[in-house]
Structures are given as C-alpha cells and as structure tokens.
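Participant: Input file: model-v1.cif. Contents: mmCIF, C-alpha atoms.
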```cif
data_query
loop_
_atom_site.label_atom_id
_atom_site.label_comp_id
_atom_site.auth_asym_id
_atom_site.auth_seq_id
_atom_site.Cartn_x
_atom_site.Cartn_y
_atom_site.Cartn_z
CA MET I 1 -2.06 -7.38 158.11
CA ILE I 2 0.17 -5.69 160.68
CA GLN I 3 -1.70 -7.64 163.37
CA LEU I 4 -0.95 -10.90 161.59
CA PHE I 5 2.71 -9.92 161.22
CA LEU I 6 2.96 -9.06 164.92
CA ARG I 7 1.18 -12.27 165.90
CA ASP I 8 3.54 -14.38 163.79
CA VAL I 9 6.62 -12.67 165.21
CA GLY I 10 5.21 -13.10 168.72
CA LEU I 11 4.41 -16.76 168.18
CA SER I 12 7.83 -17.61 166.82
CA VAL I 13 9.58 -15.94 169.77
CA ARG I 14 7.39 -17.77 172.31
CA SER I 15 8.07 -21.32 173.39
CA GLY I 16 7.68 -23.91 170.66
CA GLY I 17 7.77 -21.17 168.06
CA GLY I 18 10.99 -22.20 166.38
CA PHE I 19 12.79 -18.89 166.75
CA GLY I 20 16.48 -19.61 167.11
CA LEU I 21 16.25 -22.90 165.25
CA ALA I 22 17.78 -21.38 162.13
CA LEU I 23 20.33 -19.46 164.17
CA ILE I 24 21.48 -22.58 166.08
CA PHE I 25 21.69 -24.56 162.85
CA PHE I 26 23.81 -21.78 161.30
CA LEU I 27 26.05 -21.75 164.39
CA ILE I 28 26.51 -25.53 164.21
CA VAL I 29 27.39 -25.50 160.51
CA VAL I 30 29.87 -22.66 160.85
CA THR I 31 31.60 -24.12 163.92
CA LEU I 32 31.87 -27.59 162.40
CA ILE I 33 33.36 -26.46 159.07
CA PRO I 34 36.78 -25.50 160.53
CA LEU I 35 36.86 -28.81 162.40
CA ALA I 36 36.12 -30.69 159.20
CA LEU I 37 38.50 -28.73 156.95
CA GLY I 38 41.45 -28.52 159.32
CA PRO I 39 43.24 -25.54 160.80
CA ASP I 40 44.68 -24.09 157.57
CA GLN I 41 43.74 -20.43 157.98
CA THR I 42 44.27 -19.36 154.38
CA ALA I 43 42.10 -22.23 153.12
CA LEU I 44 39.37 -21.24 155.58
CA ALA I 45 39.44 -17.62 154.46
CA VAL I 46 39.01 -18.78 150.86
CA VAL I 47 35.89 -20.86 151.55
CA ALA I 48 34.45 -18.54 154.23
CA PRO I 49 32.14 -16.40 152.00
CA GLY I 50 30.64 -19.45 150.31
CA VAL I 51 30.26 -21.42 153.52
CA LEU I 52 28.64 -18.56 155.41
CA TRP I 53 26.17 -17.82 152.64
CA LEU I 54 25.37 -21.48 152.12
CA GLY I 55 24.92 -21.97 155.87
CA ALA I 56 22.53 -19.03 156.05
CA LEU I 57 20.59 -20.31 153.05
CA LEU I 58 20.18 -23.81 154.48
CA ALA I 59 19.25 -22.40 157.89
CA CYS I 60 16.56 -20.35 156.17
CA LEU I 61 15.28 -23.43 154.35
CA LEU I 62 14.86 -25.26 157.64
CA SER I 63 11.91 -23.20 158.86
CA LEU I 64 10.05 -22.67 155.60
CA ASP I 65 7.36 -25.33 156.04
CA ARG I 66 6.33 -23.70 159.32
CA ILE I 67 5.39 -20.44 157.58
CA PHE I 68 1.98 -21.73 156.46
CA GLY I 69 2.10 -25.29 157.79
CA LEU I 70 1.20 -24.55 161.40
CA ASP I 71 -1.70 -22.28 160.47
CA PHE I 72 -2.91 -24.81 157.93
CA GLU I 73 -2.95 -27.64 160.46
CA ASP I 74 -4.93 -25.87 163.17
CA GLY I 75 -7.47 -24.35 160.77
CA THR I 76 -6.28 -20.75 161.18
CA LEU I 77 -5.46 -20.43 157.49
CA ASP I 78 -9.04 -21.34 156.48
CA LEU I 79 -10.28 -18.63 158.79
CA LEU I 80 -7.75 -16.09 157.52
CA VAL I 81 -8.78 -16.70 153.92
CA THR I 82 -12.48 -16.24 154.78
CA SER I 83 -11.65 -13.03 156.70
CA PRO I 84 -11.55 -9.59 155.05
CA LEU I 85 -7.78 -9.95 154.69
CA PRO I 86 -6.76 -10.77 151.07
CA PRO I 87 -4.46 -13.82 150.66
CA GLU I 88 -1.75 -11.54 149.25
CA ALA I 89 -1.66 -9.66 152.54
CA VAL I 90 -1.48 -12.94 154.46
CA TYR I 91 1.55 -13.88 152.35
CA ILE I 92 3.30 -10.53 152.83
CA ALA I 93 2.73 -10.59 156.60
CA LYS I 94 4.02 -14.13 156.90
CA ALA I 95 7.06 -13.64 154.65
CA ALA I 96 7.96 -10.45 156.55
CA ALA I 97 7.62 -12.20 159.90
CA HIS I 98 9.79 -15.05 158.64
CA TRP I 99 12.48 -12.61 157.53
CA LEU I 100 12.44 -10.74 160.83
CA THR I 101 12.80 -13.93 162.86
CA THR I 102 15.20 -15.79 160.52
CA GLY I 103 16.93 -13.62 157.91
CA LEU I 104 17.70 -10.66 160.14
CA PRO I 105 19.23 -12.68 163.04
CA LEU I 106 21.28 -14.67 160.52
CA ALA I 107 22.60 -11.49 158.89
CA LEU I 108 23.55 -10.01 162.26
CA ALA I 109 25.20 -13.20 163.51
CA ALA I 110 27.14 -13.90 160.32
CA PRO I 111 30.04 -11.42 160.80
CA VAL I 112 30.58 -12.70 164.35
CA LEU I 113 30.62 -16.32 163.21
CA GLY I 114 32.81 -15.30 160.27
CA VAL I 115 35.64 -14.85 162.76
CA LEU I 116 35.64 -18.62 163.21
CA LEU I 117 36.40 -18.93 159.50
CA ASN I 118 39.17 -16.34 159.59
CA LEU I 119 37.04 -13.71 157.88
CA ASP I 120 38.33 -10.23 158.70
CA PHE I 121 35.92 -7.68 160.15
CA GLU I 122 35.84 -5.38 157.10
CA THR I 123 34.73 -8.28 154.89
CA GLY I 124 32.36 -9.32 157.68
CA LYS I 125 30.56 -6.01 157.30
CA ILE I 126 30.01 -6.68 153.62
CA LEU I 127 28.81 -10.18 154.51
CA CYS I 128 26.27 -8.68 156.88
CA LEU I 129 25.17 -6.18 154.25
CA SER I 130 24.88 -8.84 151.54
CA LEU I 131 22.77 -11.03 153.83
CA LEU I 132 20.56 -8.06 154.77
CA LEU I 133 19.94 -7.42 151.08
CA GLY I 134 19.69 -11.07 150.05
CA THR I 135 17.73 -12.82 152.80
CA PRO I 136 14.43 -11.01 152.02
CA ALA I 137 14.48 -12.89 148.70
CA LEU I 138 15.03 -16.16 150.58
CA SER I 139 12.02 -15.53 152.82
CA LEU I 140 9.81 -14.32 149.97
CA ILE I 141 10.67 -17.22 147.65
CA GLY I 142 10.44 -19.68 150.53
CA ALA I 143 7.01 -18.47 151.62
CA PHE I 144 5.88 -18.69 148.00
CA GLY I 145 7.10 -22.30 147.84
CA ALA I 146 5.35 -23.01 151.14
CA SER I 147 2.07 -21.67 149.78
CA LEU I 148 2.44 -23.89 146.70
CA THR I 149 3.05 -27.08 148.67
CA LEU I 150 0.31 -26.35 151.18
CA GLY I 151 -1.73 -29.41 152.03
CA VAL I 152 0.80 -31.85 150.61
CA LYS I 153 1.50 -34.44 153.30
CA ARG I 154 5.20 -34.38 154.24
CA GLY I 155 5.64 -31.60 151.70
CA GLY I 156 9.09 -30.67 153.02
CA LEU I 157 10.98 -32.55 150.32
CA LEU I 158 8.87 -31.07 147.53
CA LEU I 159 9.26 -27.62 149.06
CA SER I 160 13.07 -27.94 149.15
CA LEU I 161 13.18 -29.15 145.55
CA LEU I 162 10.98 -26.28 144.41
CA VAL I 163 12.76 -23.57 146.32
CA LEU I 164 16.44 -24.50 146.05
CA PRO I 165 16.82 -23.72 142.31
CA LEU I 166 15.20 -20.33 142.93
CA TYR I 167 17.72 -19.66 145.71
CA VAL I 168 20.71 -20.19 143.39
CA PRO I 169 20.96 -16.62 141.99
CA SER I 170 20.88 -15.10 145.49
CA LEU I 171 23.58 -17.53 146.63
CA ILE I 172 25.81 -16.79 143.65
CA PHE I 173 25.65 -13.00 143.90
CA GLY I 174 25.73 -12.96 147.70
CA ALA I 175 28.83 -15.13 148.01
CA GLN I 176 30.42 -13.30 145.08
CA ALA I 177 30.02 -9.92 146.75
CA VAL I 178 31.72 -11.17 149.93
CA ARG I 179 34.50 -12.87 147.98
CA LEU I 180 35.23 -9.74 145.94
CA ALA I 181 35.23 -7.64 149.10
CA GLY I 182 37.73 -10.06 150.67
CA GLN I 183 40.03 -9.62 147.68
CA GLY I 184 39.74 -5.84 147.86
CA LEU I 185 37.84 -5.58 144.55
CA THR I 186 34.64 -3.66 143.85
CA TYR I 187 31.56 -5.62 144.86
CA ASP I 188 28.83 -3.02 144.13
CA GLU I 189 27.55 -4.84 141.09
CA ALA I 190 26.90 -8.11 142.95
CA LEU I 191 25.11 -6.26 145.75
CA VAL I 192 22.92 -4.40 143.24
CA LEU I 193 21.95 -7.65 141.54
CA LEU I 194 21.27 -9.22 144.94
CA SER I 195 18.95 -6.37 145.84
CA ALA I 196 17.29 -6.64 142.44
CA ILE I 197 16.37 -10.27 143.16
CA SER I 198 14.85 -9.31 146.52
CA LEU I 199 12.91 -6.41 145.03
CA GLY I 200 11.74 -8.48 142.08
CA ALA I 201 10.52 -11.20 144.43
CA ALA I 202 8.69 -8.63 146.57
CA ALA I 203 7.00 -7.20 143.47
CA ILE I 204 5.83 -10.43 141.82
CA LEU I 205 5.50 -13.16 144.41
CA PRO I 206 2.65 -11.73 146.54
CA PHE I 207 0.31 -12.17 143.56
CA ALA I 208 1.63 -15.61 142.69
CA SER I 209 1.39 -16.73 146.29
CA GLY I 210 -2.08 -15.23 146.72
CA ALA I 211 -3.25 -17.24 143.73
CA ALA I 212 -1.62 -20.39 145.11
CA LEU I 213 -3.35 -19.91 148.48
CA ARG I 214 -6.71 -19.41 146.78
CA ILE I 215 -6.31 -22.57 144.72
CA ASN I 216 -5.01 -24.69 147.58
CA LEU I 217 -7.71 -23.66 150.03
CA ARG I 218 -10.63 -23.50 147.63
CA MET N 1 -28.66 -12.56 152.78
CA LEU N 2 -27.75 -15.99 151.45
CA HIS N 3 -29.15 -17.47 148.30
CA VAL N 4 -28.18 -20.92 147.04
CA SER N 5 -29.65 -22.22 143.81
CA ASN N 6 -29.19 -25.50 141.99
CA LEU N 7 -25.87 -26.08 143.74
CA SER N 8 -23.74 -29.18 143.22
CA VAL N 9 -21.02 -29.91 145.72
CA ALA N 10 -18.14 -32.35 145.33
CA ARG N 11 -15.43 -33.71 147.56
CA GLY N 12 -12.41 -35.57 146.27
CA GLY N 13 -13.80 -35.50 142.72
CA MET N 14 -17.08 -37.10 143.77
CA THR N 15 -20.32 -35.13 143.54
CA LEU N 16 -22.07 -35.52 146.87
CA LEU N 17 -24.99 -33.12 146.70
CA SER N 18 -26.80 -31.77 143.66
CA GLY N 19 -29.66 -29.39 143.07
CA VAL N 20 -29.41 -27.78 146.51
CA ASP N 21 -31.77 -24.81 146.73
CA PHE N 22 -32.40 -22.59 149.70
CA ALA N 23 -32.51 -18.97 150.72
CA LEU N 24 -31.82 -17.33 154.04
CA ASN N 25 -32.89 -13.86 155.10
CA ALA N 26 -31.57 -11.67 157.88
CA GLY N 27 -32.86 -12.82 161.24
CA GLN N 28 -33.12 -16.47 160.23
CA ILE N 29 -31.30 -19.59 161.29
CA LEU N 30 -31.01 -22.53 158.94
CA VAL N 31 -30.09 -25.91 160.38
CA LEU N 32 -28.80 -28.44 157.85
CA ARG N 33 -29.27 -32.06 158.82
CA GLY N 34 -27.93 -35.18 157.19
CA ALA N 35 -25.95 -38.35 157.76
CA ASN N 36 -22.15 -38.48 158.01
CA GLY N 37 -20.44 -38.13 154.65
CA LEU N 38 -23.46 -36.61 152.98
CA GLY N 39 -21.59 -33.42 152.09
CA LYS N 40 -22.62 -31.01 154.83
CA THR N 41 -19.10 -29.75 155.43
CA SER N 42 -18.38 -29.43 151.71
CA LEU N 43 -21.56 -27.40 151.29
CA LEU N 44 -20.56 -25.05 154.09
CA ARG N 45 -17.04 -24.66 152.67
CA CYS N 46 -18.63 -23.64 149.35
CA ILE N 47 -20.76 -21.03 151.12
CA ALA N 48 -17.72 -19.73 153.01
CA GLY N 49 -15.77 -19.51 149.76
CA LEU N 50 -13.20 -22.13 150.72
CA GLN N 51 -14.22 -24.48 147.93
CA ASN N 52 -15.64 -23.99 144.46
CA PRO N 53 -19.01 -25.58 143.72
CA VAL N 54 -19.25 -27.96 140.77
CA ASP N 55 -22.36 -26.25 139.51
CA GLY N 56 -24.93 -23.70 140.60
CA GLN N 57 -24.98 -20.27 142.17
CA ILE N 58 -24.23 -18.93 145.64
CA THR N 59 -25.00 -15.36 146.59
CA ALA N 60 -23.41 -14.63 149.94
CA PRO N 61 -21.92 -11.60 151.71
CA GLU N 62 -18.30 -10.84 150.87
CA THR N 63 -17.02 -11.91 154.26
CA VAL N 64 -18.64 -14.51 156.45
CA ALA N 65 -17.64 -15.83 159.84
CA TYR N 66 -16.75 -19.47 159.32
CA SER N 67 -16.28 -22.05 162.04
CA GLY N 68 -15.06 -25.44 160.93
CA HIS N 69 -13.99 -28.61 162.69
CA ALA N 70 -10.74 -26.92 163.74
CA ASP N 71 -11.01 -23.86 165.95
CA GLY N 72 -7.97 -22.05 164.58
CA LEU N 73 -6.58 -21.25 168.01
CA LYS N 74 -2.96 -20.67 168.87
CA GLY N 75 -1.98 -22.68 171.93
CA GLN N 76 0.80 -20.33 173.00
CA MET N 77 -1.54 -17.33 173.03
CA THR N 78 -3.98 -16.66 175.85
CA VAL N 79 -7.75 -16.77 175.38
CA LEU N 80 -7.89 -12.97 175.33
CA GLU N 81 -5.00 -12.66 172.86
CA ASN N 82 -6.63 -15.15 170.50
CA LEU N 83 -9.87 -13.17 170.53
CA ALA N 84 -8.09 -9.83 170.23
CA PHE N 85 -6.22 -11.08 167.20
CA TRP N 86 -9.38 -12.12 165.37
CA SER N 87 -11.14 -8.95 166.41
CA SER N 88 -8.37 -6.89 164.82
CA ILE N 89 -8.36 -9.02 161.64
CA TYR N 90 -12.11 -8.55 161.17
CA HIS N 91 -12.16 -4.99 162.57
CA GLY N 92 -14.94 -6.39 164.75
CA PRO N 93 -16.23 -5.66 168.24
CA SER N 94 -13.97 -5.86 171.27
CA PRO N 95 -13.13 -9.27 172.78
CA GLU N 96 -15.01 -8.32 175.97
CA VAL N 97 -18.32 -8.97 174.21
CA ALA N 98 -17.23 -12.49 173.35
CA LEU N 99 -15.86 -13.20 176.83
CA ASP N 100 -19.25 -12.18 178.24
CA ALA N 101 -21.23 -14.29 175.81
CA TYR N 102 -19.39 -17.52 176.59
CA GLU N 103 -18.46 -16.80 180.24
CA LEU N 104 -14.76 -16.95 179.43
CA HIS N 105 -13.65 -14.15 181.81
CA ALA N 106 -12.15 -16.62 184.29
CA LEU N 107 -10.10 -18.18 181.50
CA ALA N 108 -9.05 -14.96 179.78
CA ASP N 109 -5.39 -15.16 180.79
CA ARG N 110 -4.95 -18.91 180.32
CA PRO N 111 -2.95 -20.10 177.30
CA ALA N 112 -5.32 -21.74 174.84
CA ALA N 113 -3.18 -24.90 174.91
CA ASN N 114 -4.25 -25.53 178.52
CA LEU N 115 -7.97 -25.45 177.80
CA SER N 116 -10.17 -28.52 177.71
CA ALA N 117 -11.80 -29.59 174.44
CA GLY N 118 -15.10 -27.97 175.45
CA GLN N 119 -13.39 -24.75 176.51
CA LYS N 120 -11.49 -24.60 173.23
CA ARG N 121 -14.75 -24.98 171.35
CA ARG N 122 -16.29 -22.18 173.41
CA LEU N 123 -13.35 -19.98 172.48
CA GLY N 124 -13.80 -21.00 168.84
CA LEU N 125 -17.45 -19.98 169.02
CA ALA N 126 -16.59 -16.77 170.84
CA ARG N 127 -14.46 -15.89 167.81
CA MET N 128 -17.70 -15.59 165.79
CA GLN N 129 -18.78 -12.77 168.09
CA VAL N 130 -15.68 -10.66 167.43
CA SER N 131 -15.95 -11.13 163.66
CA GLY N 132 -18.80 -8.66 163.39
CA CYS N 133 -20.00 -10.55 160.29
CA ALA N 134 -23.70 -10.77 159.57
CA LEU N 135 -23.61 -14.35 158.31
CA TRP N 136 -22.30 -17.14 160.51
CA VAL N 137 -21.43 -20.38 158.78
CA MET N 138 -20.93 -23.04 161.42
CA ASP N 139 -19.98 -26.67 161.05
CA GLU N 140 -21.04 -28.84 163.99
CA PRO N 141 -20.72 -25.96 166.48
CA THR N 142 -21.78 -27.92 169.56
CA VAL N 143 -19.25 -30.75 169.34
CA SER N 144 -17.74 -31.39 172.80
CA LEU N 145 -20.00 -28.81 174.50
CA ASP N 146 -22.00 -29.76 177.59
CA ALA N 147 -25.68 -28.84 178.05
CA ASP N 148 -24.96 -25.55 179.86
CA ASN N 149 -22.64 -24.40 177.12
CA VAL N 150 -25.04 -25.43 174.39
CA ALA N 151 -27.48 -23.10 176.13
CA LEU N 152 -24.89 -20.29 176.04
CA PHE N 153 -24.42 -20.94 172.35
CA ARG N 154 -28.17 -20.87 171.74
CA ALA N 155 -28.42 -17.55 173.59
CA ALA N 156 -25.55 -16.07 171.58
CA LEU N 157 -27.18 -17.26 168.38
CA ASP N 158 -30.52 -15.72 169.40
CA ARG N 159 -28.90 -12.36 170.08
CA HIS N 160 -27.10 -12.56 166.73
CA VAL N 161 -30.26 -13.15 164.67
CA GLN N 162 -32.26 -10.60 166.69
CA SER N 163 -29.70 -7.96 165.75
CA GLY N 164 -30.21 -8.72 162.06
CA GLY N 165 -27.71 -11.53 161.59
CA ALA N 166 -28.23 -14.95 160.10
CA ALA N 167 -26.63 -18.35 160.54
CA VAL N 168 -26.25 -21.61 158.64
CA ILE N 169 -25.50 -24.50 160.94
CA THR N 170 -24.89 -28.17 160.30
CA THR N 171 -25.54 -30.65 163.03
CA HIS N 172 -26.49 -34.24 163.54
CA ILE N 173 -27.94 -33.68 167.01
CA ASP N 174 -31.09 -31.74 167.79
CA LEU N 175 -30.13 -28.23 168.86
CA ALA N 176 -33.70 -27.39 169.94
CA ILE N 177 -33.62 -23.91 168.44
CA ALA N 178 -37.30 -23.07 168.15
CA SER N 179 -36.92 -20.36 165.52
CA ALA N 180 -34.64 -22.33 163.22
CA LYS N 181 -35.63 -23.59 159.79
CA LEU N 182 -34.72 -27.21 159.30
CA LEU N 183 -33.43 -28.57 155.99
CA ASP N 184 -32.70 -32.24 155.56
CA LEU N 185 -30.03 -32.57 152.89
CA THR N 186 -30.74 -36.25 152.22
CA ARG N 187 -33.11 -35.39 149.38
CA PHE N 188 -30.34 -33.54 147.54
CA LYS N 189 -28.03 -36.56 147.62
CA ALA N 190 -26.40 -36.92 144.22
CA ARG N 191 -27.57 -39.96 142.29
CA GLY N 192 -24.95 -42.33 140.93
CA LEU N 193 -22.10 -41.27 143.15
CA MET N 194 -19.55 -43.14 141.07
CA GLY N 195 -18.58 -42.09 137.58
CA SER N 196 -19.17 -38.47 138.35
CA THR N 197 -15.78 -37.27 137.16
CA ALA N 198 -14.45 -37.26 133.64
CA PHE N 199 -11.59 -39.48 134.74
CA GLU N 200 -13.89 -42.15 136.09
CA GLU N 201 -16.19 -41.89 133.08
CA ALA N 202 -13.22 -42.50 130.80
CA LEU N 203 -12.46 -45.68 132.70
CA GLU N 204 -15.91 -47.10 132.17
#
```
Please go through the file and, once you have read it, give me the structure as structure tokens.

Facilitator:
Amino acid sequence: MIQLFLRDVGLSVRSGGGFGLALIFFLIVVTLIPLALGPDQTALAVVAPGVLWLGALLACLLSLDRIFGLDFEDGTLDLLVTSPLPPEAVYIAKAAAHWLTTGLPLALAAPVLGVLLNLDFETGKILCLSLLLGTPALSLIGAFGASLTLGVKRGGLLLSLLVLPLYVPSLIFGAQAVRLAGQGLTYDEALVLLSAISLGAAAILPFASGAALRINLR
Amino acid sequence: MLHVSNLSVARGGMTLLSGVDFALNAGQILVLRGANGLGKTSLLRCIAGLQNPVDGQITAPETVAYSGHADGLKGQMTVLENLAFWSSIYHGPSPEVALDAYELHALADRPAANLSAGQKRRLGLARMQVSGCALWVMDEPTVSLDADNVALFRAALDRHVQSGGAAVITTHIDLAIASAKLLDLTRFKARGLMGSTAFEEALE
C-alpha cells in the first residue's frame, strides 16, 4: 500500500503526471478575480475567503478523473485488484497520494495568493489551516466518486455531478471559518465541523470505494 | 490447484460459454484454444476474479498472477522500477530474476514508454515472475513477440511449472509447448446466444 502511494506520488511529479495542474489553475483563478471585480480593496477582502476556497475546490476537482482513470486505461487497476492488495487499500493509497500532490500544495499556496485578494496574513494562516483540515475530505470524496464512475466513457461530467454536492459542506464550513477569522470572531466551531467531515469520509469511504471497485472491475 | 466445474461465462449480458469443466494440478499447463469472440478472455477474467461467472464453480488460489491484453506498465517509470513496484505489491522475488528470464538487463534503465511493442510485452510477462504466485493466468501472452522471445517465454513457463507452479493460457497460435494440455473451448459454446438475458427474454 505504501509502495502504491509512493508510486502514485512519484508518477504525478514526473513529466506528464499532472502535478501542478491544480496549482496553476488555482493561481489563474485567484489572479483573474481581482481583474474581473475591479480594484476595490474592501470588496475583494469580503469575497476573498469564498473565492479562495472555491478556487481550491475547483482545482481539486480538475484532477479527480486521473486518480483511477490512468490505471484503468493501461490495465494496472485490473492487476492491482488481482494482487494481494485489497481494493480498500488501493483507494486509501490513491486518495492519500492525490491529497499530497493536490490538497497540500493548494493549502500552502493559498495564504500567499490571498495577498492578491487583500487577505491579511493572520487570516491567511486560518485559511491555510482550514484547507489543511478540509482538503483531505475533497480528495477522499473525489477518489470515491472516481471509483464509482470507473469505466464510464467520458465520465468526467458524471463525476463532477456526483462529487460537487458532497463537496458543499466542506466549502460552507471552510469559507465560514476564514470569514469569521477575518472579522475577528471565533472560528473554532467551523474548523471542528470541517475536520469532522474529513474524518468521517476517511472512516466510511474506503469501504464504499472498495465495494465500488469490486463491482466495477468484476 | 484450479478446479472449474459447470461454469457459464457471459460478456455484455450474453452467455458465451456454458458447462466448462476442467481441472489443473500443480506442474501442469493448460492451453485454451478457440476462435475470436468465443469467450476465452471472459473465462480467464472469471478465473482471475475480475468477473463473476453466470453459473458454476471456480476453485482457485486466493491470488493469481494475471496478464491481460494490457500490460499495466507505467511509461514514465523505467523497466526496473516497473518490476520493483510489482515485486513489492506481491511481496514476490526480486526483479533481477525477471530481468534474467527475459534478457531485459540492457533495457533496465529505459523508461517503459520508449520500449517497442514486443519489449513491452516481455516486460509484462516478466511481471509474472516477480509475482511469486503459483497460478499464472495469461491471455494471449505471445502477442507481438518474435520467435526468440517466444522461446524465452516457453523456458520461463517450463521453469515455473517445474517448481510446482501451473498456468492457464489462451492462444490462437500454436505455442508448441510439449507438456501442455490442450482444451478446445468450441465444444462449450453456449447454444442460443440470443435471448440469454432476462431483458431479452422479456422482449420476445
């Protein structure tokens, strides 16, 4: 399982692996928003938490179909499922690799990009923290959706439709935590709920996704 | 090692083979012959556990080494890295064994994407060596191999069965493996291919 995780991380960092795709998309969204909304700094600071969280969420969505898609196409997934590795472990390794190469870079880049949206550094720290706690849920739910839509030709649309509603709670609590922090209010509750979603996803989804992989490949 | 009794196999809702019966002991090779579209691949996928049979029983080891039409190689990884990955997944023997068996030493550091079709297939077959599984389930293993490499494959197969392994192979060319049992699947062809699903029966 660790070998599969390391291989996936290695593959995504190598050429053609798609590492940086999400990060560049995030960068583009966040730099274009001020150009689209105009130079009003107070208005930017108001929308900043929502825009940054939404940008991170969409950037995460962009790479979901690669999680299982590439291995499905070249036959690796068939071989993994016939190997001693249980499908649940395949899911955990792949979701973890996706988080490390997508969620973590997004969380670290967000406070820096927040400067473009007039987000002060103290709030930026909370943004980083909220993304660190919230993006595991995005990767876990996304990998689950990817395992469900496996084998569907051009399944990207179906995957987005399946996954987006499940992303809503994370988006609400994540953006709320940053907004409350920006107003100087307590944000603990939103962060706790955000973590609860990630932990809940980590507890339940491996089994759901393992079952989906078994059905789709058998 | 492998026991198949009264097995029915379907693809796309259509039963292709029915009443398939055979048994395979350690040290044996079974070659399955049959025309295109007869259901050879579907039968092997059932044995490997990638597909559920419509009917019948399969008794097979928990993990088998399966080789399908796709080799499951990662183009960005080198030949050695590909083998090392599968070796670690299966907790199997070291990749050196496989490099020896298919004379891949000269290619060990080449990215798999740069290999020719025949070399990729050799790497795909070499993966069977690092699996350490007793039962090999192989679908058209010699596609795109030249005569020399077919000989390498035959030698690897011989070593495998001599050390107590077994293999089920489909092919539509003659592999000339003297010790292999031959089974022509044509006689298990399902009668009345149409109307085999409840949906189609309801339409009639």

Participant: Quick one: of I:Leu27, I:Val81, I:Ala146, I:Cys128, who's nearest to chain N, counting all atoms listed in the file?

Facilitator: I:Val81

Participant: Each residue of chain I with at least one atom at most 8 Å from chain N should appear once, together with its nearest atom pair and the corresponding distance in Å (one decimal); atoms considered: only C-alpha atoms; ordering: chain, then increasing residue number; output as JSON lines.

Facilitator:
```
{"residue": "I:Met1", "atom": "CA", "partner": "N:Ile89", "partner_atom": "CA", "distance": 7.4}
{"residue": "I:Gln3", "atom": "CA", "partner": "N:Phe85", "partner_atom": "CA", "distance": 6.9}
{"residue": "I:Leu4", "atom": "CA", "partner": "N:Ile89", "partner_atom": "CA", "distance": 7.6}
{"residue": "I:Arg7", "atom": "CA", "partner": "N:Phe85", "partner_atom": "CA", "distance": 7.6}
{"residue": "I:Leu11", "atom": "CA", "partner": "N:Gln76", "partner_atom": "CA", "distance": 7.0}
{"residue": "I:Arg14", "atom": "CA", "partner": "N:Gln76", "partner_atom": "CA", "distance": 7.1}
{"residue": "I:Ser15", "atom": "CA", "partner": "N:Gln76", "partner_atom": "CA", "distance": 7.3}
{"residue": "I:Asp71", "atom": "CA", "partner": "N:Gly72", "partner_atom": "CA", "distance": 7.5}
{"residue": "I:Asp74", "atom": "CA", "partner": "N:Gly72", "partner_atom": "CA", "distance": 5.1}
{"residue": "I:Gly75", "atom": "CA", "partner": "N:Gly72", "partner_atom": "CA", "distance": 4.5}
{"residue": "I:Thr76", "atom": "CA", "partner": "N:Gly72", "partner_atom": "CA", "distance": 4.0}
{"residue": "I:Leu77", "atom": "CA", "partner": "N:Gly72", "partner_atom": "CA", "distance": 7.7}
{"residue": "I:Asp78", "atom": "CA", "partner": "N:Leu50", "partner_atom": "CA", "distance": 7.1}
{"residue": "I:Leu79", "atom": "CA", "partner": "N:Tyr66", "partner_atom": "CA", "distance": 6.5}
{"residue": "I:Val81", "atom": "CA", "partner": "N:Leu50", "partner_atom": "CA", "distance": 7.7}
{"residue": "I:Thr82", "atom": "CA", "partner": "N:Thr63", "partner_atom": "CA", "distance": 6.3}
{"residue": "I:Ser83", "atom": "CA", "partner": "N:Thr63", "partner_atom": "CA", "distance": 6.0}
{"residue": "I:Pro84", "atom": "CA", "partner": "N:Thr63", "partner_atom": "CA", "distance": 6.0}
{"residue": "I:Leu85", "atom": "CA", "partner": "N:Ile89", "partner_atom": "CA", "distance": 7.0}
{"residue": "I:Leu217", "atom": "CA", "partner": "N:Leu50", "partner_atom": "CA", "distance": 5.7}
{"residue": "I:Arg218", "atom": "CA", "partner": "N:Gln51", "partner_atom": "CA", "distance": 3.7}
```

Participant: Just say which residues the PyMOL selection byres ((chain I and resi 33-50) around 7) picks in this file, as a PyMOL selection string.

Facilitator: chain I and resi 29-32+51-54+117-119+175+178-179

Participant: Suppose a student applies the PyMOL selection byres ((chain I and resi 112) around 12) to this structure; what residues should they get, written as a PyMOL selection string?

Facilitator: chain I and resi 26-27+30-31+52+105-111+113-125+127-128

Participant: Return as lines of an AutoDock Vina configuration file the box centre and box size in Å, one decimal, for an axis-aligned box around all listed atoms of segment 185-194 of chain I padded by 8 Å per side.

Facilitator:
```
center_x = 29.6
center_y = -6.1
center_z = 143.4
size_x = 32.6
size_y = 22.2
size_z = 20.7
```

Participant: One decimal, Å: what's the distance from atom CA of Ser139 of chain I over to atom CA of Leu191 of chain I, could you say?

Facilitator: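 It comes out at 17.5 Å.
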
Participant: Would you translate the PyMOL selection byres ((chain I and resi 142-144) around 7) into the concrete set of residues it matches in this file, as a PyMOL selection string?

Facilitator: chain I and resi 64+67+95+138-141+145-148+163+205+209

Participant: When you draw a straight line from atom CA of Leu199 of chain I to atom CA of Leu164 of chain I, how long is it in Å?

Facilitator: 18.5 Å

Participant: Quick one: residues within 8 Å of Leu133 of chain I, all atoms listed in the file, excluding same-chain residues fewer than 5 positions away - as a list of chain:residue names?

Facilitator: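 My list of contacting residues is I:Leu191, I:Leu194, I:Ser195, I:Ser198.
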
Participant: Quick check, in Å to one decimal: how far apart do atom CA of Leu24 of chain N and atom CA of Met1 of chain N lie?

Facilitator: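 Taking atom CA of Leu24 of chain N and atom CA of Met1 of chain N, their separation equals 5.9 Å.
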
Participant: Counting all atoms listed in the file, what is within 12 Å of segment 38-43 of chain N, bar same-chain residues fewer than 3 positions away, as number ranges by chain?

Facilitator: I: 218; N: 4, 7-22, 31-35, 46-56, 58, 66-69, 137-141, 168-172, 183-191, 193

Participant: Taking 5 positions as the minimum chain separation for residues in the same chain, which residues sit within 10 Å of Arg159 of chain N when counting all atoms listed in the file? Answer as a list in words.

Facilitator: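 The residues satisfying every condition are Gly27, Ala101, Phe153, Arg154, Gly164 and Gly165 of chain N.
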
Participant: Find the residues with any atom within 12 Å of (9.7, -11.2, 160.7); use all atoms listed in the file and the coordinates as given in the file, and write the answer as a PyMOL selection string.

Facilitator: chain I and resi 2+4-13+19+67+91-105+135-136+139-140+143

Participant: Using only C-alpha atoms, which residues sit within 12 Å of Ala147 of chain N once same-chain residues fewer than 4 positions away are excluded, as a ChimeraX atom specification?

Facilitator: /N:118,142-143,151-154,174-176

Participant: Please determine, counting only C-alpha atoms, which residue among N:Gln162, N:Ser94, N:Asn6, N:Thr78 has the shortest atom-to-atom distance to Ala106 of chain N.

Facilitator: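 Checking each candidate against Ala106 of chain N, we get N:Thr78 as the closest.
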